[in-house]
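Chemist: I'd like to ask you about the structure that follows.
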Amino acid sequence: MNTSWTQITGILMQGHQVASRPSKAYPYSSLEKQKPYFKELGLDLSPYFNGTLNISIAPLEFEVAKPELTFPLVEWTDLHPPETFSFSRCRVIFEGTEYEGWVYFPHPETKKTHFQNPSLIEVVANEIQGVRYGDKLEVILNTLEIRINRP
């Protein structure tokens with residue numbers, strides 16, 4: 001696996017809250033419902049928290065360039081058409097502790113709702129005790145897979 005790591009400072013932001021719990025959009029946690037599909041395709045996210053960390057790196061923006069994994073047109077729900085997802089390994093540091101994770105990227109061209117700001121990186125990681133919205137996090141990204149841009 002080719003890697004070229006960079007560390008970016010970000011702030012934990014509140015997301016759409018559909019990955020972690022039932023919502024108006026879904027009667028279930030979307031990530032919990034997606035995990036078996038991803039596992040069948042080769043990515044086992046079962047050890048990770050059922051939700052995403054929404055990390056703002058503003059004013060910087062990110063772009064998924066050559067992700068480690070891409071799963072095209074996953075039919076994970078009957079509530080909307082299939083979606084394409086990409087994943088890139090990453091690490092998150094909070095209060096000196098490092099957590100393994102994956103950048104979770106639902107492709108906007110296949111996603112009909114819940115669009116994300118290009119400065120907001122979604123990460124699936126182990127549960128981080130004590131983390132709160134507004135907390136500073138470090139995210140370590142593979143720059144061969146995720147590009148960081150100044151708008």
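Simple scheme: letters A, B, ... for chains in structure tokens order, numbers from 1 for residues in each chain, numbers from 1 for ligands in the order shown.
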Would you kindly return, as a PyMOL selection string, each protein, DNA or RNA residue with an atom no farther than 8 Å from any atom of A:Phe71, considering only C-alpha atoms and excluding same-chain residues fewer than 6 positions away?
Modeler: chain A and resi 38+41+84-86
Chemist: At a cut-off of 12 Å, can you tabulate as a Markdown table every residue of stretch 20-117 of chain A near stretch 126-131 of chain A together with its closest atom pair and the distance in Å to one decimal, using only C-alpha atoms and ordering rows by chain then number?
Modeler:
| residue | atom | partner | partner_atom | distance |
| --- | --- | --- | --- | --- |
| A:Ser20 | CA | A:Glu127 | CA | 11.7 |
| A:Leu45 | CA | A:Asn126 | CA | 9.6 |
| A:Ser46 | CA | A:Asn126 | CA | 9.7 |
| A:Pro47 | CA | A:Asn126 | CA | 7.0 |
| A:Tyr48 | CA | A:Asn126 | CA | 4.5 |
| A:Phe49 | CA | A:Glu127 | CA | 5.1 |
| A:Asn50 | CA | A:Glu127 | CA | 8.5 |
| A:Gly51 | CA | A:Glu127 | CA | 8.9 |
| A:Thr52 | CA | A:Glu127 | CA | 9.7 |
| A:Leu53 | CA | A:Ile128 | CA | 9.6 |
| A:Asn54 | CA | A:Val131 | CA | 11.8 |
| A:Ile55 | CA | A:Val131 | CA | 11.9 |
| A:Cys90 | CA | A:Asn126 | CA | 11.6 |
| A:Arg91 | CA | A:Asn126 | CA | 10.0 |
| A:Val92 | CA | A:Asn126 | CA | 9.4 |
| A:Ile93 | CA | A:Ile128 | CA | 9.5 |
| A:Phe94 | CA | A:Val131 | CA | 7.7 |
| A:Glu95 | CA | A:Val131 | CA | 9.1 |
| A:Gly96 | CA | A:Ile128 | CA | 11.7 |
| A:Thr97 | CA | A:Ile128 | CA | 9.1 |
| A:Glu98 | CA | A:Ile128 | CA | 9.6 |
| A:Tyr99 | CA | A:Asn126 | CA | 6.3 |
| A:Glu100 | CA | A:Asn126 | CA | 6.8 |
| A:Gly101 | CA | A:Asn126 | CA | 6.9 |
| A:Trp102 | CA | A:Asn126 | CA | 9.9 |
Chemist: Fewer than 5 positions away in the same chain doesn't count, so skip those; otherwise give me all residues within 12 Å of A:Pro81, counting only C-alpha atoms, as an MDAnalysis selection string.
Modeler: chainID A and resid 72:76 109:113
Chemist: Neighbours of A:Glu61 within 12 Å (only C-alpha atoms; same-chain residues fewer than 4 positions away dropped), as a ChimeraX atom specification?
Modeler: /A:8,10,55-57,116-121,146-151
Chemist: Take the residues that were just selected and, keeping N, CA and C atoms, output them as a PDB file, in the first residue's frame.
Modeler:
ATOM      1  N   ILE A   8      -3.625  17.041   9.679  1.00  0.00           N
ATOM      2  CA  ILE A   8      -4.419  18.262   9.542  1.00  0.00           C
ATOM      3  C   ILE A   8      -5.203  18.475  10.837  1.00  0.00           C
ATOM      4  N   GLY A  10      -8.452  19.834  12.743  1.00  0.00           N
ATOM      5  CA  GLY A  10      -9.851  20.097  12.434  1.00  0.00           C
ATOM      6  C   GLY A  10     -10.671  20.262  13.704  1.00  0.00           C
ATOM      7  N   ILE A  55     -15.429  16.185  10.700  1.00  0.00           N
ATOM      8  CA  ILE A  55     -14.279  17.013  11.061  1.00  0.00           C
ATOM      9  C   ILE A  55     -14.104  18.125  10.036  1.00  0.00           C
ATOM     10  N   SER A  56     -14.292  19.367  10.493  1.00  0.00           N
ATOM     11  CA  SER A  56     -14.115  20.522   9.617  1.00  0.00           C
ATOM     12  C   SER A  56     -12.641  20.892   9.556  1.00  0.00           C
ATOM     13  N   ILE A  57     -12.128  20.977   8.322  1.00  0.00           N
ATOM     14  CA  ILE A  57     -10.749  21.419   8.119  1.00  0.00           C
ATOM     15  C   ILE A  57     -10.723  22.804   7.460  1.00  0.00           C
ATOM     16  N   GLN A 116     -22.507  17.137   1.904  1.00  0.00           N
ATOM     17  CA  GLN A 116     -21.502  17.610   2.846  1.00  0.00           C
ATOM     18  C   GLN A 116     -20.707  18.746   2.227  1.00  0.00           C
ATOM     19  N   ASN A 117     -20.274  19.636   3.064  1.00  0.00           N
ATOM     20  CA  ASN A 117     -19.380  20.720   2.715  1.00  0.00           C
ATOM     21  C   ASN A 117     -18.014  20.111   2.346  1.00  0.00           C
ATOM     22  N   PRO A 118     -17.327  20.597   1.313  1.00  0.00           N
ATOM     23  CA  PRO A 118     -16.022  20.031   0.937  1.00  0.00           C
ATOM     24  C   PRO A 118     -14.924  20.262   1.978  1.00  0.00           C
ATOM     25  N   SER A 119     -15.229  21.024   3.032  1.00  0.00           N
ATOM     26  CA  SER A 119     -14.289  21.200   4.145  1.00  0.00           C
ATOM     27  C   SER A 119     -14.578  20.229   5.287  1.00  0.00           C
ATOM     28  N   LEU A 120     -15.591  19.379   5.134  1.00  0.00           N
ATOM     29  CA  LEU A 120     -16.014  18.481   6.211  1.00  0.00           C
ATOM     30  C   LEU A 120     -15.685  17.030   5.856  1.00  0.00           C
ATOM     31  N   ILE A 121     -14.718  16.462   6.562  1.00  0.00           N
ATOM     32  CA  ILE A 121     -14.308  15.080   6.337  1.00  0.00           C
ATOM     33  C   ILE A 121     -15.086  14.189   7.298  1.00  0.00           C
ATOM     34  N   ILE A 146      -6.196  11.106  -0.558  1.00  0.00           N
ATOM     35  CA  ILE A 146      -7.017  12.275  -0.218  1.00  0.00           C
ATOM     36  C   ILE A 146      -6.181  13.525  -0.458  1.00  0.00           C
ATOM     37  N   ARG A 147      -6.650  14.397  -1.333  1.00  0.00           N
ATOM     38  CA  ARG A 147      -5.954  15.660  -1.589  1.00  0.00           C
ATOM     39  C   ARG A 147      -6.511  16.764  -0.703  1.00  0.00           C
ATOM     40  N   ILE A 148      -5.631  17.589  -0.185  1.00  0.00           N
ATOM     41  CA  ILE A 148      -6.019  18.757   0.601  1.00  0.00           C
ATOM     42  C   ILE A 148      -5.769  19.980  -0.267  1.00  0.00           C
ATOM     43  N   ASN A 149      -6.801  20.807  -0.399  1.00  0.00           N
ATOM     44  CA  ASN A 149      -6.716  21.973  -1.278  1.00  0.00           C
ATOM     45  C   ASN A 149      -7.045  23.246  -0.522  1.00  0.00           C
ATOM     46  N   ARG A 150      -6.440  24.339  -0.974  1.00  0.00           N
ATOM     47  CA  ARG A 150      -6.818  25.676  -0.513  1.00  0.00           C
ATOM     48  C   ARG A 150      -7.745  26.245  -1.565  1.00  0.00           C
ATOM     49  N   PRO A 151      -8.987  26.612  -1.191  1.00  0.00           N
ATOM     50  CA  PRO A 151      -9.904  27.151  -2.207  1.00  0.00           C
ATOM     51  C   PRO A 151      -9.461  28.498  -2.754  1.00  0.00           C
TER      52      PRO A 151
END
Chemist: At what distance in Å, to one decimal, does atom CA of A:Ile11 lie from atom CA of A:Glu68?
Modeler: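 According to the coordinates, atom CA of A:Glu68 and atom CA of A:Ile11 are separated by 24.7 Å.
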Chemist: Between A:Thr77, A:Thr6, A:Gln14, A:Ser30, which one has atoms that come closest to A:Tyr133, using only C-alpha atoms?
Modeler: A:Gln14
Chemist: Let's see if you can do this: from backbone DSSP, list all strand (DSSP E or B) residues in chain A, as a PyMOL selection string.
Modeler: chain A and resi 5-13+53-56+61-64+69-74+83-94+97-106+120-125+136-142+146-149
Chemist: Run DSSP on the backbone and grab whatever in chain A lands in helix (DSSP H, G or I); send it over as a list in words.
Modeler: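 DSSP on the backbone gives helix (DSSP H, G or I) at Ser30, Leu31, Glu32, Lys33, Gln34, Lys35, Pro36, Tyr37, Phe38, Lys39, Glu40 and Leu41 of chain A.
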Chemist: Using atom CA of A:Thr70 and atom CA of A:Lys136 as the two end points, give the distance in Å to one decimal.
Modeler: 28.7 Å
Chemist: Closest to A:Lys66 among A:Pro108, A:Tyr37, A:Ser88, A:Val124, using only C-alpha atoms?
Modeler: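 Looking only at the distances to A:Lys66, the closest residue turns out to be A:Ser88.
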Chemist: What is the atom CA of A:Ala65 to atom CA of A:Leu144 distance in Å?
Modeler: 7.3 Å
